[in-house]
>>> print(open('my_file.pdb').read())   # PDB, C-alpha atoms
ATOM      1  CA  MET A   1       0.000   0.000   0.000
ATOM      2  CA  LYS A   2       1.279   3.425  -0.830
ATOM      3  CA  PRO A   3       1.714   5.604   2.232
ATOM      4  CA  HIS A   4      -1.221   7.887   1.584
ATOM      5  CA  ILE A   5      -4.514   8.719   3.278
ATOM      6  CA  SER A   6      -7.008  10.649   1.162
ATOM      7  CA  ILE A   7      -9.960  11.136   3.490
ATOM      8  CA  ILE A   8     -10.445  11.031   7.250
ATOM      9  CA  THR A   9     -14.140  10.358   7.862
ATOM     10  CA  LEU A  10     -15.532  11.123  11.301
ATOM     11  CA  ALA A  11     -18.787   9.558  12.467
ATOM     12  CA  VAL A  12     -21.217  12.150  13.806
ATOM     13  CA  THR A  13     -24.523  12.070  15.634
ATOM     14  CA  ASN A  14     -25.912  15.352  14.296
ATOM     15  CA  LEU A  15     -24.491  16.280  10.913
ATOM     16  CA  GLU A  16     -25.776  19.860  10.891
ATOM     17  CA  LYS A  17     -24.372  20.562  14.345
ATOM     18  CA  SER A  18     -20.988  19.094  13.487
ATOM     19  CA  VAL A  19     -20.818  21.032  10.232
ATOM     20  CA  ARG A  20     -21.437  24.236  12.156
ATOM     21  CA  PHE A  21     -18.601  23.375  14.536
ATOM     22  CA  TYR A  22     -16.037  22.735  11.826
ATOM     23  CA  ARG A  23     -17.213  25.366   9.333
ATOM     24  CA  ASP A  24     -18.477  28.260  11.447
ATOM     25  CA  GLY A  25     -16.429  27.498  14.528
ATOM     26  CA  LEU A  26     -13.036  26.298  13.352
ATOM     27  CA  GLY A  27     -13.313  28.011   9.974
ATOM     28  CA  LEU A  28     -12.671  25.026   7.713
ATOM     29  CA  LYS A  29     -13.927  25.369   4.154
ATOM     30  CA  THR A  30     -16.757  23.177   2.918
ATOM     31  CA  ARG A  31     -19.487  23.116   0.315
ATOM     32  CA  GLY A  32     -21.769  22.103   3.158
ATOM     33  CA  ILE A  33     -23.889  18.992   3.262
ATOM     34  CA  VAL A  34     -23.938  17.098  -0.010
ATOM     35  CA  GLY A  35     -25.579  13.853  -1.075
ATOM     36  CA  ALA A  36     -28.691  14.373   1.039
ATOM     37  CA  ASP A  37     -30.893  13.158  -1.834
ATOM     38  CA  TYR A  38     -29.522   9.654  -1.424
ATOM     39  CA  ASP A  39     -30.095   7.163   1.337
ATOM     40  CA  TYR A  40     -27.104   7.287   3.660
ATOM     41  CA  GLY A  41     -25.549   9.822   1.267
ATOM     42  CA  ALA A  42     -25.603  13.025   3.341
ATOM     43  CA  ALA A  43     -22.063  14.043   4.249
ATOM     44  CA  ALA A  44     -19.848  17.102   4.432
ATOM     45  CA  PHE A  45     -16.275  17.431   3.215
ATOM     46  CA  PHE A  46     -13.664  19.902   4.369
ATOM     47  CA  ASP A  47     -10.447  20.715   2.568
ATOM     48  CA  LEU A  48      -7.284  20.103   4.548
ATOM     49  CA  GLN A  49      -3.790  20.156   3.091
ATOM     50  CA  PRO A  50      -3.581  19.185  -0.621
ATOM     51  CA  GLY A  51      -4.564  15.563  -1.097
ATOM     52  CA  LEU A  52      -6.361  15.217   2.233
ATOM     53  CA  SER A  53      -9.984  15.863   3.175
ATOM     54  CA  LEU A  54     -11.916  15.642   6.398
ATOM     55  CA  ALA A  55     -15.407  14.170   6.039
ATOM     56  CA  LEU A  56     -18.321  14.142   8.449
ATOM     57  CA  TRP A  57     -20.819  11.326   8.051
ATOM     58  CA  PRO A  58     -23.647  10.158  10.297
ATOM     59  CA  ARG A  59     -22.651   7.111  12.331
ATOM     60  CA  GLU A  60     -25.566   5.141  10.887
ATOM     61  CA  SER A  61     -24.350   5.848   7.350
ATOM     62  CA  LEU A  62     -20.821   4.760   8.113
ATOM     63  CA  ALA A  63     -22.126   1.597   9.739
ATOM     64  CA  HIS A  64     -24.438   0.936   6.802
ATOM     65  CA  GLU A  65     -21.640   1.383   4.301
ATOM     66  CA  ALA A  66     -19.437  -1.048   6.213
ATOM     67  CA  GLY A  67     -22.303  -3.459   6.799
ATOM     68  CA  ILE A  68     -21.954  -3.429  10.581
ATOM     69  CA  GLU A  69     -24.143  -2.286  13.447
ATOM     70  CA  PRO A  70     -23.534   1.205  14.827
ATOM     71  CA  GLN A  71     -21.622   0.904  18.076
ATOM     72  CA  PRO A  72     -21.784   3.185  21.105
ATOM     73  CA  PRO A  73     -19.575   6.273  20.732
ATOM     74  CA  ALA A  74     -16.078   5.900  22.148
ATOM     75  CA  MET A  75     -13.578   8.694  22.692
ATOM     76  CA  THR A  76     -10.465   6.568  22.946
ATOM     77  CA  GLU A  77     -10.255   5.169  19.411
ATOM     78  CA  PHE A  78      -8.160   7.866  17.760
ATOM     79  CA  MET A  79      -6.889  11.425  17.944
ATOM     80  CA  LEU A  80      -6.110  14.005  15.257
ATOM     81  CA  SER A  81      -3.140  16.296  15.821
ATOM     82  CA  HIS A  82      -2.946  19.821  14.513
ATOM     83  CA  CYS A  83       0.598  21.141  14.784
ATOM     84  CA  VAL A  84       1.121  24.879  14.759
ATOM     85  CA  THR A  85       4.156  27.014  13.982
ATOM     86  CA  GLU A  86       4.008  29.352  16.985
ATOM     87  CA  ARG A  87       3.436  28.611  20.650
ATOM     88  CA  GLU A  88       0.649  31.170  21.011
ATOM     89  CA  PHE A  89      -1.295  29.570  18.181
ATOM     90  CA  VAL A  90      -2.019  26.659  20.516
ATOM     91  CA  ASP A  91      -3.954  28.980  22.803
ATOM     92  CA  GLU A  92      -5.717  30.597  19.878
ATOM     93  CA  VAL A  93      -6.945  27.331  18.425
ATOM     94  CA  MET A  94      -7.944  25.953  21.828
ATOM     95  CA  GLN A  95      -9.961  29.119  22.500
ATOM     96  CA  GLN A  96     -11.511  28.966  19.063
ATOM     97  CA  ALA A  97     -12.573  25.369  19.656
ATOM     98  CA  ALA A  98     -14.001  26.138  23.092
ATOM     99  CA  GLN A  99     -15.950  29.123  21.811
ATOM    100  CA  SER A 100     -17.342  27.030  18.971
ATOM    101  CA  GLY A 101     -18.892  24.281  21.037
ATOM    102  CA  GLY A 102     -15.877  22.067  21.535
ATOM    103  CA  ASP A 103     -14.819  21.038  25.009
ATOM    104  CA  VAL A 104     -11.336  21.467  26.407
ATOM    105  CA  VAL A 105     -10.293  17.996  27.507
ATOM    106  CA  LYS A 106      -6.788  19.016  28.561
ATOM    107  CA  ALA A 107      -5.806  22.657  28.804
ATOM    108  CA  ALA A 108      -2.751  23.859  26.928
ATOM    109  CA  HIS A 109       0.328  23.061  28.964
ATOM    110  CA  ASP A 110       4.099  22.930  28.706
ATOM    111  CA  THR A 111       5.435  19.549  27.748
ATOM    112  CA  LEU A 112       8.589  17.998  29.090
ATOM    113  CA  LEU A 113      10.496  18.413  25.838
ATOM    114  CA  GLY A 114       9.827  22.125  25.665
ATOM    115  CA  GLY A 115       6.666  21.987  23.614
ATOM    116  CA  TYR A 116       3.201  23.261  24.346
ATOM    117  CA  ALA A 117      -0.032  21.396  23.674
ATOM    118  CA  GLY A 118      -3.691  21.021  24.536
ATOM    119  CA  ILE A 119      -6.527  18.649  23.667
ATOM    120  CA  PHE A 120     -10.132  19.424  22.823
ATOM    121  CA  LYS A 121     -12.999  17.250  21.677
ATOM    122  CA  ASP A 122     -15.473  18.040  18.936
ATOM    123  CA  PRO A 123     -19.270  17.786  19.434
ATOM    124  CA  ASP A 124     -19.038  14.017  18.923
ATOM    125  CA  GLY A 125     -16.210  13.471  21.382
ATOM    126  CA  HIS A 126     -13.500  13.093  18.741
ATOM    127  CA  LEU A 127     -10.161  14.161  20.182
ATOM    128  CA  TRP A 128      -7.988  16.861  18.624
ATOM    129  CA  GLU A 129      -4.532  17.690  19.896
ATOM    130  CA  VAL A 130      -3.187  21.166  19.183
ATOM    131  CA  ALA A 131       0.574  21.127  19.539
ATOM    132  CA  TRP A 132       3.608  23.312  19.113
ATOM    133  CA  ASN A 133       7.079  21.841  19.100
ATOM    134  CA  PRO A 134       9.963  24.300  19.105
ATOM    135  CA  GLU A 135      12.433  21.892  17.600
ATOM    136  CA  THR A 136      10.583  21.039  14.437
ATOM    137  CA  PRO A 137       8.577  23.156  12.041
ATOM    138  CA  ALA A 138       4.925  22.244  11.770
ATOM    139  CA  GLU A 139       3.295  21.760   8.412
ATOM    140  CA  SER A 140       6.442  20.367   6.895
ATOM    141  CA  ALA A 141       7.365  16.915   5.765
ATOM    142  CA  ASP A 142       9.908  16.725   8.525
ATOM    143  CA  ALA A 143       7.606  17.724  11.323
ATOM    144  CA  ALA A 144       8.283  15.549  14.330
ATOM    145  CA  PRO A 145       5.238  13.945  15.860
ATOM    146  CA  ALA A 146       3.792  15.917  18.726
ATOM    147  CA  ARG A 147       3.244  12.543  20.379
ATOM    148  CA  GLN A 148       6.696  13.099  21.781
ATOM    149  CA  ASP A 149       5.065  15.194  24.438
ATOM    150  CA  THR A 150       3.971  11.950  25.986
ATOM    151  CA  ASN A 151       7.509  11.644  27.189
ATOM    152  CA  ASP A 152       6.247  13.950  29.883
ATOM    153  CA  GLN A 153       5.970  11.557  32.776
ATOM    154  CA  ASN A 154       3.842  13.887  34.821
ATOM    155  CA  PRO A 155       1.249  15.295  32.460
ATOM    156  CA  ALA A 156      -1.497  17.424  33.844
ATOM    157  CA  PRO A 157      -4.675  15.439  34.356
TER
ATOM    158  CA  MET B   1      -7.569  26.954  12.620
ATOM    159  CA  LYS B   2      -5.506  26.275   9.559
ATOM    160  CA  PRO B   3      -6.810  23.362   7.503
ATOM    161  CA  HIS B   4      -4.074  20.927   8.386
ATOM    162  CA  ILE B   5      -3.801  17.611  10.201
ATOM    163  CA  SER B   6      -0.289  16.518  11.125
ATOM    164  CA  ILE B   7      -0.807  13.163  12.821
ATOM    165  CA  ILE B   8      -3.572  10.587  12.849
ATOM    166  CA  THR B   9      -3.168   8.556  16.042
ATOM    167  CA  LEU B  10      -4.908   5.196  16.246
ATOM    168  CA  ALA B  11      -5.557   3.544  19.605
ATOM    169  CA  VAL B  12      -4.345  -0.044  19.686
ATOM    170  CA  THR B  13      -4.670  -2.960  22.066
ATOM    171  CA  ASN B  14      -1.394  -4.686  21.195
ATOM    172  CA  LEU B  15       1.227  -2.275  19.908
ATOM    173  CA  GLU B  16       3.629  -4.924  18.615
ATOM    174  CA  LYS B  17       0.881  -6.739  16.719
ATOM    175  CA  SER B  18      -0.406  -3.544  15.144
ATOM    176  CA  VAL B  19       3.099  -2.463  14.157
ATOM    177  CA  ARG B  20       3.572  -5.793  12.388
ATOM    178  CA  PHE B  21       0.323  -5.276  10.493
ATOM    179  CA  TYR B  22       1.173  -1.801   9.235
ATOM    180  CA  ARG B  23       4.911  -2.325   8.755
ATOM    181  CA  ASP B  24       5.300  -5.928   7.660
ATOM    182  CA  GLY B  25       1.825  -6.339   6.222
ATOM    183  CA  LEU B  26       0.935  -3.083   4.516
ATOM    184  CA  GLY B  27       4.538  -2.037   4.018
ATOM    185  CA  LEU B  28       4.446   1.363   5.668
ATOM    186  CA  LYS B  29       7.779   2.741   6.810
ATOM    187  CA  THR B  30       8.502   3.189  10.487
ATOM    188  CA  ARG B  31      11.381   3.393  12.912
ATOM    189  CA  GLY B  32       9.427   0.915  14.996
ATOM    190  CA  ILE B  33       8.368   1.390  18.581
ATOM    191  CA  VAL B  34       9.862   4.482  20.173
ATOM    192  CA  GLY B  35       9.470   6.043  23.590
ATOM    193  CA  ALA B  36       9.196   2.738  25.418
ATOM    194  CA  ASP B  37      11.462   4.022  28.169
ATOM    195  CA  TYR B  38       8.789   6.435  29.309
ATOM    196  CA  ASP B  39       5.490   5.754  31.017
ATOM    197  CA  TYR B  40       2.777   5.856  28.385
ATOM    198  CA  GLY B  41       5.449   6.809  25.845
ATOM    199  CA  ALA B  42       5.641   3.701  23.642
ATOM    200  CA  ALA B  43       4.294   4.483  20.189
ATOM    201  CA  ALA B  44       5.073   3.888  16.536
ATOM    202  CA  PHE B  45       4.979   6.427  13.729
ATOM    203  CA  PHE B  46       4.556   5.750  10.030
ATOM    204  CA  ASP B  47       5.290   8.204   7.256
ATOM    205  CA  LEU B  48       2.365   9.016   4.983
ATOM    206  CA  GLN B  49       2.329  11.819   2.429
ATOM    207  CA  PRO B  50       4.558  14.791   3.287
ATOM    208  CA  GLY B  51       3.294  16.571   6.390
ATOM    209  CA  LEU B  52       1.167  13.671   7.630
ATOM    210  CA  SER B  53       2.020  10.759   9.888
ATOM    211  CA  LEU B  54       0.088   7.773  11.171
ATOM    212  CA  ALA B  55       0.732   6.916  14.803
ATOM    213  CA  LEU B  56      -0.139   3.812  16.795
ATOM    214  CA  TRP B  57      -0.533   4.268  20.533
ATOM    215  CA  PRO B  58      -1.923   1.947  23.195
ATOM    216  CA  ARG B  59      -5.474   2.885  24.123
ATOM    217  CA  GLU B  60      -4.452   3.292  27.762
ATOM    218  CA  SER B  61      -1.762   5.796  26.778
ATOM    219  CA  LEU B  62      -4.141   7.854  24.672
ATOM    220  CA  ALA B  63      -6.672   7.848  27.494
ATOM    221  CA  HIS B  64      -3.997   8.791  30.019
ATOM    222  CA  GLU B  65      -2.789  11.663  27.856
ATOM    223  CA  ALA B  66      -6.317  12.999  27.501
ATOM    224  CA  GLY B  67      -7.113  12.404  31.164
ATOM    225  CA  ILE B  68     -10.111  10.183  30.451
ATOM    226  CA  GLU B  69     -10.945   6.544  31.099
ATOM    227  CA  PRO B  70     -10.314   4.080  28.263
ATOM    228  CA  GLN B  71     -13.630   3.222  26.635
ATOM    229  CA  PRO B  72     -14.640  -0.040  24.982
ATOM    230  CA  PRO B  73     -13.416  -0.304  21.376
ATOM    231  CA  ALA B  74     -15.889   0.926  18.766
ATOM    232  CA  MET B  75     -15.635   0.400  15.019
ATOM    233  CA  THR B  76     -18.041   3.116  13.962
ATOM    234  CA  GLU B  77     -16.164   6.227  15.068
ATOM    235  CA  PHE B  78     -14.156   6.930  11.940
ATOM    236  CA  MET B  79     -12.774   5.543   8.690
ATOM    237  CA  LEU B  80      -9.571   6.243   6.768
ATOM    238  CA  SER B  81      -9.762   6.244   2.970
ATOM    239  CA  HIS B  82      -6.894   5.235   0.744
ATOM    240  CA  CYS B  83      -7.589   6.275  -2.842
ATOM    241  CA  VAL B  84      -5.693   4.516  -5.614
ATOM    242  CA  THR B  85      -4.978   5.486  -9.191
ATOM    243  CA  GLU B  86      -5.944   2.216 -10.893
ATOM    244  CA  ARG B  87      -8.967   0.004 -10.387
ATOM    245  CA  GLU B  88      -6.911  -3.148  -9.901
ATOM    246  CA  PHE B  89      -4.947  -1.539  -7.091
ATOM    247  CA  VAL B  90      -8.093  -1.810  -4.959
ATOM    248  CA  ASP B  91      -7.928  -5.595  -5.205
ATOM    249  CA  GLU B  92      -4.204  -5.579  -4.544
ATOM    250  CA  VAL B  93      -4.457  -3.540  -1.371
ATOM    251  CA  MET B  94      -7.475  -5.481  -0.119
ATOM    252  CA  GLN B  95      -5.586  -8.745  -0.642
ATOM    253  CA  GLN B  96      -2.515  -7.332   1.027
ATOM    254  CA  ALA B  97      -4.574  -6.311   4.047
ATOM    255  CA  ALA B  98      -6.304  -9.681   4.277
ATOM    256  CA  GLN B  99      -3.030 -11.570   4.030
ATOM    257  CA  SER B 100      -1.515  -9.388   6.722
ATOM    258  CA  GLY B 101      -4.066 -10.018   9.434
ATOM    259  CA  GLY B 102      -6.693  -7.470   8.479
ATOM    260  CA  ASP B 103     -10.277  -8.531   7.918
ATOM    261  CA  VAL B 104     -12.278  -7.750   4.823
ATOM    262  CA  VAL B 105     -15.377  -5.975   6.084
ATOM    263  CA  LYS B 106     -16.823  -5.289   2.629
ATOM    264  CA  ALA B 107     -15.343  -6.917  -0.440
ATOM    265  CA  ALA B 108     -14.283  -4.720  -3.349
ATOM    266  CA  HIS B 109     -17.331  -3.879  -5.435
ATOM    267  CA  ASP B 110     -18.469  -1.596  -8.204
ATOM    268  CA  THR B 111     -20.042   1.600  -6.983
ATOM    269  CA  LEU B 112     -22.969   3.331  -8.602
ATOM    270  CA  LEU B 113     -20.892   6.190  -9.951
ATOM    271  CA  GLY B 114     -18.507   3.892 -11.753
ATOM    272  CA  GLY B 115     -15.964   3.555  -9.015
ATOM    273  CA  TYR B 116     -14.651   0.490  -7.229
ATOM    274  CA  ALA B 117     -14.066   0.167  -3.507
ATOM    275  CA  GLY B 118     -13.684  -2.160  -0.551
ATOM    276  CA  ILE B 119     -13.354  -1.862   3.208
ATOM    277  CA  PHE B 120     -11.066  -3.706   5.580
ATOM    278  CA  LYS B 121     -10.394  -3.364   9.276
ATOM    279  CA  ASP B 122      -7.031  -3.396  10.988
ATOM    280  CA  PRO B 123      -6.261  -5.645  13.995
ATOM    281  CA  ASP B 124      -7.999  -3.133  16.263
ATOM    282  CA  GLY B 125     -11.137  -2.843  14.160
ATOM    283  CA  HIS B 126     -10.227   0.510  12.629
ATOM    284  CA  LEU B 127     -11.886   0.832   9.228
ATOM    285  CA  TRP B 128      -9.960   1.515   6.031
ATOM    286  CA  GLU B 129     -11.655   2.138   2.711
ATOM    287  CA  VAL B 130      -9.662   1.417  -0.442
ATOM    288  CA  ALA B 131     -11.235   3.273  -3.344
ATOM    289  CA  TRP B 132     -10.743   3.976  -7.009
ATOM    290  CA  ASN B 133     -12.718   6.690  -8.747
ATOM    291  CA  PRO B 134     -12.365   6.891 -12.530
ATOM    292  CA  GLU B 135     -13.325  10.533 -12.724
ATOM    293  CA  THR B 136     -10.737  11.961 -10.419
ATOM    294  CA  PRO B 137      -7.083  11.216  -9.939
ATOM    295  CA  ALA B 138      -6.148   9.901  -6.531
ATOM    296  CA  GLU B 139      -3.296  11.423  -4.593
ATOM    297  CA  SER B 140      -3.949  14.864  -5.963
ATOM    298  CA  ALA B 141      -5.282  17.974  -4.354
ATOM    299  CA  ASP B 142      -8.365  17.708  -6.522
ATOM    300  CA  ALA B 143      -9.180  14.124  -5.660
ATOM    301  CA  ALA B 144     -12.906  13.790  -5.139
ATOM    302  CA  PRO B 145     -13.911  12.066  -1.953
ATOM    303  CA  ALA B 146     -14.556   8.391  -2.402
ATOM    304  CA  ARG B 147     -17.474   8.877  -0.023
ATOM    305  CA  GLN B 148     -19.425   9.605  -3.171
ATOM    306  CA  ASP B 149     -19.768   5.864  -3.569
ATOM    307  CA  THR B 150     -22.338   6.037  -0.833
ATOM    308  CA  ASN B 151     -24.630   7.423  -3.475
ATOM    309  CA  ASP B 152     -25.048   3.764  -4.274
ATOM    310  CA  GLN B 153     -28.475   3.115  -2.818
ATOM    311  CA  ASN B 154     -28.089  -0.627  -2.895
ATOM    312  CA  PRO B 155     -24.639  -1.319  -1.533
ATOM    313  CA  ALA B 156     -23.607  -4.865  -0.950
ATOM    314  CA  PRO B 157     -24.017  -5.826   2.695
TER
END
>>> encode(input="my_file.pdb", output="structure tokens")
Amino acid sequence: MKPHISIITLAVTNLEKSVRFYRDGLGLKTRGIVGADYDYGAAAFFDLQPGLSLALWPRESLAHEAGIEPQPPAMTEFMLSHCVTEREFVDEVMQQAAQSGGDVVKAAHDTLLGGYAGIFKDPDGHLWEVAWNPETPAESADAAPARQDTNDQNPAP
Amino acid sequence: MKPHISIITLAVTNLEKSVRFYRDGLGLKTRGIVGADYDYGAAAFFDLQPGLSLALWPRESLAHEAGIEPQPPAMTEFMLSHCVTEREFVDEVMQQAAQSGGDVVKAAHDTLLGGYAGIFKDPDGHLWEVAWNPETPAESADAAPARQDTNDQNPAP
């Protein structure tokens, strides 16, 4: 398999509400809800970096497409990390998320390796990490994973 | 927030087993498990397209980092789509996944709009869609979302 992911699809409970969070709250671009004329077709797509899209799709539609039963929501299946180029951008994005209906799960904090990061969840409980790492530029091919902040042995609860 | 995701972190039950699936099975490049000397630090990172990494992290570590309790695994939280440039590559990747310990959730099938797609799950039940769309080139900024195959009103179960 080539090392490439084209779409990250998030299961949502209320498509309209989640679209408002990502479009009106976080400011991601979208054509809005498309495919609503088709059974299980309603979805929304957001442009990320070239070659990658974020999609929102009702949980029932995702389950139907896969041919499995919808399962109870779970917050500890995955996390998306948004790395920023300046330390203060972490605070800005965390505030933006909180003001848009997201919940701060872990406030922005210094990490052991000199970074700065916080975690919020979207209206469906999907986790987003917002991270700044002084040693590596974000948004570059060489960006080091922010997961390194887990080397902090005493993270804030 | 800038439209950019830097890392997709997947929660796993058995880190070594999941690393074998993605590295030895699917052929993604990794330095292997890093951070094992630190509490909750063990993780593996795989290079995807420039600026994006896939990370595997034990569910307990993800939960610890976020300050929440680990929740029972759920398959219907998200899906990752891997778009390919040739129809036959769908079969190749699906076979590769099946031979590597993944399970075929939905066999490759023609979609209503003329595409071809299948779904497999990784050892932790995380869903991957492998999709070919004849109208749009994969791995380009203009790639249309494969989610359009949900316009198929009579998908195979």
>>> atom_distance(input="my_file.pdb", atom1="atom CA of Phe45 of chain B", atom2="atom CA of Gly32 of chain B")
7.2 Å
>>> atom_distance(input="my_file.pdb", atom1="atom CA of Ser61 of chain B", atom2="atom CA of Tyr40 of chain B")
4.8 Å
>>> residues_around(input="my_file.pdb", residues="Glu88 of chain A", least_positions_apart="2", cutoff="12 Å", atoms="all atoms listed in the file", output="list in words")
Cys83, Val84, Thr85, Glu86, Val90, Asp91, Glu92, Val93, Met94, Gln95, Ala108, His109, Asp110, Gly115, Tyr116, Ala117, Gly118, Val130, Ala131, Trp132, Asn133 and Pro134 of chain A
>>> resolve_selection(input="my_file.pdb", expression="the PyMOL selection byres ((chain A) within 6 of (chain B))", output="PDB file with C-alpha atoms, in the frame of the given file")
ATOM      1  CA  MET A   1       0.000   0.000   0.000  1.00  0.00           C
ATOM      2  CA  PRO A   3       1.714   5.604   2.232  1.00  0.00           C
ATOM      3  CA  HIS A   4      -1.221   7.887   1.584  1.00  0.00           C
ATOM      4  CA  ILE A   5      -4.514   8.719   3.278  1.00  0.00           C
ATOM      5  CA  SER A   6      -7.008  10.649   1.162  1.00  0.00           C
ATOM      6  CA  ILE A   7      -9.960  11.136   3.490  1.00  0.00           C
ATOM      7  CA  ILE A   8     -10.445  11.031   7.250  1.00  0.00           C
ATOM      8  CA  THR A   9     -14.140  10.358   7.862  1.00  0.00           C
ATOM      9  CA  LEU A  10     -15.532  11.123  11.301  1.00  0.00           C
ATOM     10  CA  ALA A  11     -18.787   9.558  12.467  1.00  0.00           C
ATOM     11  CA  LEU A  26     -13.036  26.298  13.352  1.00  0.00           C
ATOM     12  CA  TYR A  38     -29.522   9.654  -1.424  1.00  0.00           C
ATOM     13  CA  GLY A  41     -25.549   9.822   1.267  1.00  0.00           C
ATOM     14  CA  LEU A  48      -7.284  20.103   4.548  1.00  0.00           C
ATOM     15  CA  GLN A  49      -3.790  20.156   3.091  1.00  0.00           C
ATOM     16  CA  PRO A  50      -3.581  19.185  -0.621  1.00  0.00           C
ATOM     17  CA  GLY A  51      -4.564  15.563  -1.097  1.00  0.00           C
ATOM     18  CA  GLY A  67     -22.303  -3.459   6.799  1.00  0.00           C
ATOM     19  CA  PRO A  70     -23.534   1.205  14.827  1.00  0.00           C
ATOM     20  CA  GLN A  71     -21.622   0.904  18.076  1.00  0.00           C
ATOM     21  CA  ALA A  74     -16.078   5.900  22.148  1.00  0.00           C
ATOM     22  CA  THR A  76     -10.465   6.568  22.946  1.00  0.00           C
ATOM     23  CA  GLU A  77     -10.255   5.169  19.411  1.00  0.00           C
ATOM     24  CA  PHE A  78      -8.160   7.866  17.760  1.00  0.00           C
ATOM     25  CA  MET A  79      -6.889  11.425  17.944  1.00  0.00           C
ATOM     26  CA  LEU A  80      -6.110  14.005  15.257  1.00  0.00           C
ATOM     27  CA  SER A  81      -3.140  16.296  15.821  1.00  0.00           C
ATOM     28  CA  HIS A  82      -2.946  19.821  14.513  1.00  0.00           C
ATOM     29  CA  CYS A  83       0.598  21.141  14.784  1.00  0.00           C
ATOM     30  CA  VAL A  93      -6.945  27.331  18.425  1.00  0.00           C
ATOM     31  CA  GLU A 139       3.295  21.760   8.412  1.00  0.00           C
ATOM     32  CA  SER A 140       6.442  20.367   6.895  1.00  0.00           C
ATOM     33  CA  ALA A 141       7.365  16.915   5.765  1.00  0.00           C
ATOM     34  CA  THR A 150       3.971  11.950  25.986  1.00  0.00           C
ATOM     35  CA  ASN A 151       7.509  11.644  27.189  1.00  0.00           C
ATOM     36  CA  PRO A 157      -4.675  15.439  34.356  1.00  0.00           C
TER      37      PRO A 157
END
>>> atom_distance(input="my_file.pdb", atom1="atom CA of Arg20 of chain A", atom2="atom CA of Leu113 of chain B")
28.5 Å
>>> build_atoms(input="my_file.pdb", residues="segment 103-116 of chain A", atoms="N, CA and C atoms", output="PDB file, in the frame of the given file")
ATOM      1  N   ASP A 103     -15.144  21.058  23.587  1.00  0.00           N
ATOM      2  CA  ASP A 103     -14.819  21.038  25.009  1.00  0.00           C
ATOM      3  C   ASP A 103     -13.325  20.848  25.193  1.00  0.00           C
ATOM      4  N   VAL A 104     -12.753  21.641  26.086  1.00  0.00           N
ATOM      5  CA  VAL A 104     -11.336  21.467  26.407  1.00  0.00           C
ATOM      6  C   VAL A 104     -11.206  20.221  27.280  1.00  0.00           C
ATOM      7  N   VAL A 105     -10.503  19.242  26.777  1.00  0.00           N
ATOM      8  CA  VAL A 105     -10.293  17.996  27.507  1.00  0.00           C
ATOM      9  C   VAL A 105      -9.040  18.118  28.372  1.00  0.00           C
ATOM     10  N   LYS A 106      -8.036  18.783  27.836  1.00  0.00           N
ATOM     11  CA  LYS A 106      -6.788  19.016  28.561  1.00  0.00           C
ATOM     12  C   LYS A 106      -6.276  20.392  28.146  1.00  0.00           C
ATOM     13  N   ALA A 107      -6.215  21.281  29.104  1.00  0.00           N
ATOM     14  CA  ALA A 107      -5.806  22.657  28.804  1.00  0.00           C
ATOM     15  C   ALA A 107      -4.380  22.688  28.263  1.00  0.00           C
ATOM     16  N   ALA A 108      -4.094  23.705  27.474  1.00  0.00           N
ATOM     17  CA  ALA A 108      -2.751  23.859  26.928  1.00  0.00           C
ATOM     18  C   ALA A 108      -1.740  23.910  28.068  1.00  0.00           C
ATOM     19  N   HIS A 109      -0.654  23.189  27.883  1.00  0.00           N
ATOM     20  CA  HIS A 109       0.328  23.061  28.964  1.00  0.00           C
ATOM     21  C   HIS A 109       1.710  22.855  28.362  1.00  0.00           C
ATOM     22  N   ASP A 110       2.732  23.192  29.148  1.00  0.00           N
ATOM     23  CA  ASP A 110       4.099  22.930  28.706  1.00  0.00           C
ATOM     24  C   ASP A 110       4.357  21.439  28.738  1.00  0.00           C
ATOM     25  N   THR A 111       5.075  20.964  27.765  1.00  0.00           N
ATOM     26  CA  THR A 111       5.435  19.549  27.748  1.00  0.00           C
ATOM     27  C   THR A 111       6.900  19.408  28.122  1.00  0.00           C
ATOM     28  N   LEU A 112       7.260  18.210  28.534  1.00  0.00           N
ATOM     29  CA  LEU A 112       8.589  17.998  29.090  1.00  0.00           C
ATOM     30  C   LEU A 112       9.702  18.365  28.110  1.00  0.00           C
ATOM     31  N   LEU A 113       9.454  18.160  26.832  1.00  0.00           N
ATOM     32  CA  LEU A 113      10.496  18.413  25.838  1.00  0.00           C
ATOM     33  C   LEU A 113      10.518  19.855  25.348  1.00  0.00           C
ATOM     34  N   GLY A 114       9.789  20.721  26.039  1.00  0.00           N
ATOM     35  CA  GLY A 114       9.827  22.125  25.665  1.00  0.00           C
ATOM     36  C   GLY A 114       8.720  22.543  24.728  1.00  0.00           C
ATOM     37  N   GLY A 115       7.790  21.653  24.475  1.00  0.00           N
ATOM     38  CA  GLY A 115       6.666  21.987  23.614  1.00  0.00           C
ATOM     39  C   GLY A 115       5.498  22.522  24.409  1.00  0.00           C
ATOM     40  N   TYR A 116       4.393  22.678  23.746  1.00  0.00           N
ATOM     41  CA  TYR A 116       3.201  23.261  24.346  1.00  0.00           C
ATOM     42  C   TYR A 116       2.013  22.664  23.608  1.00  0.00           C
TER      43      TYR A 116
END
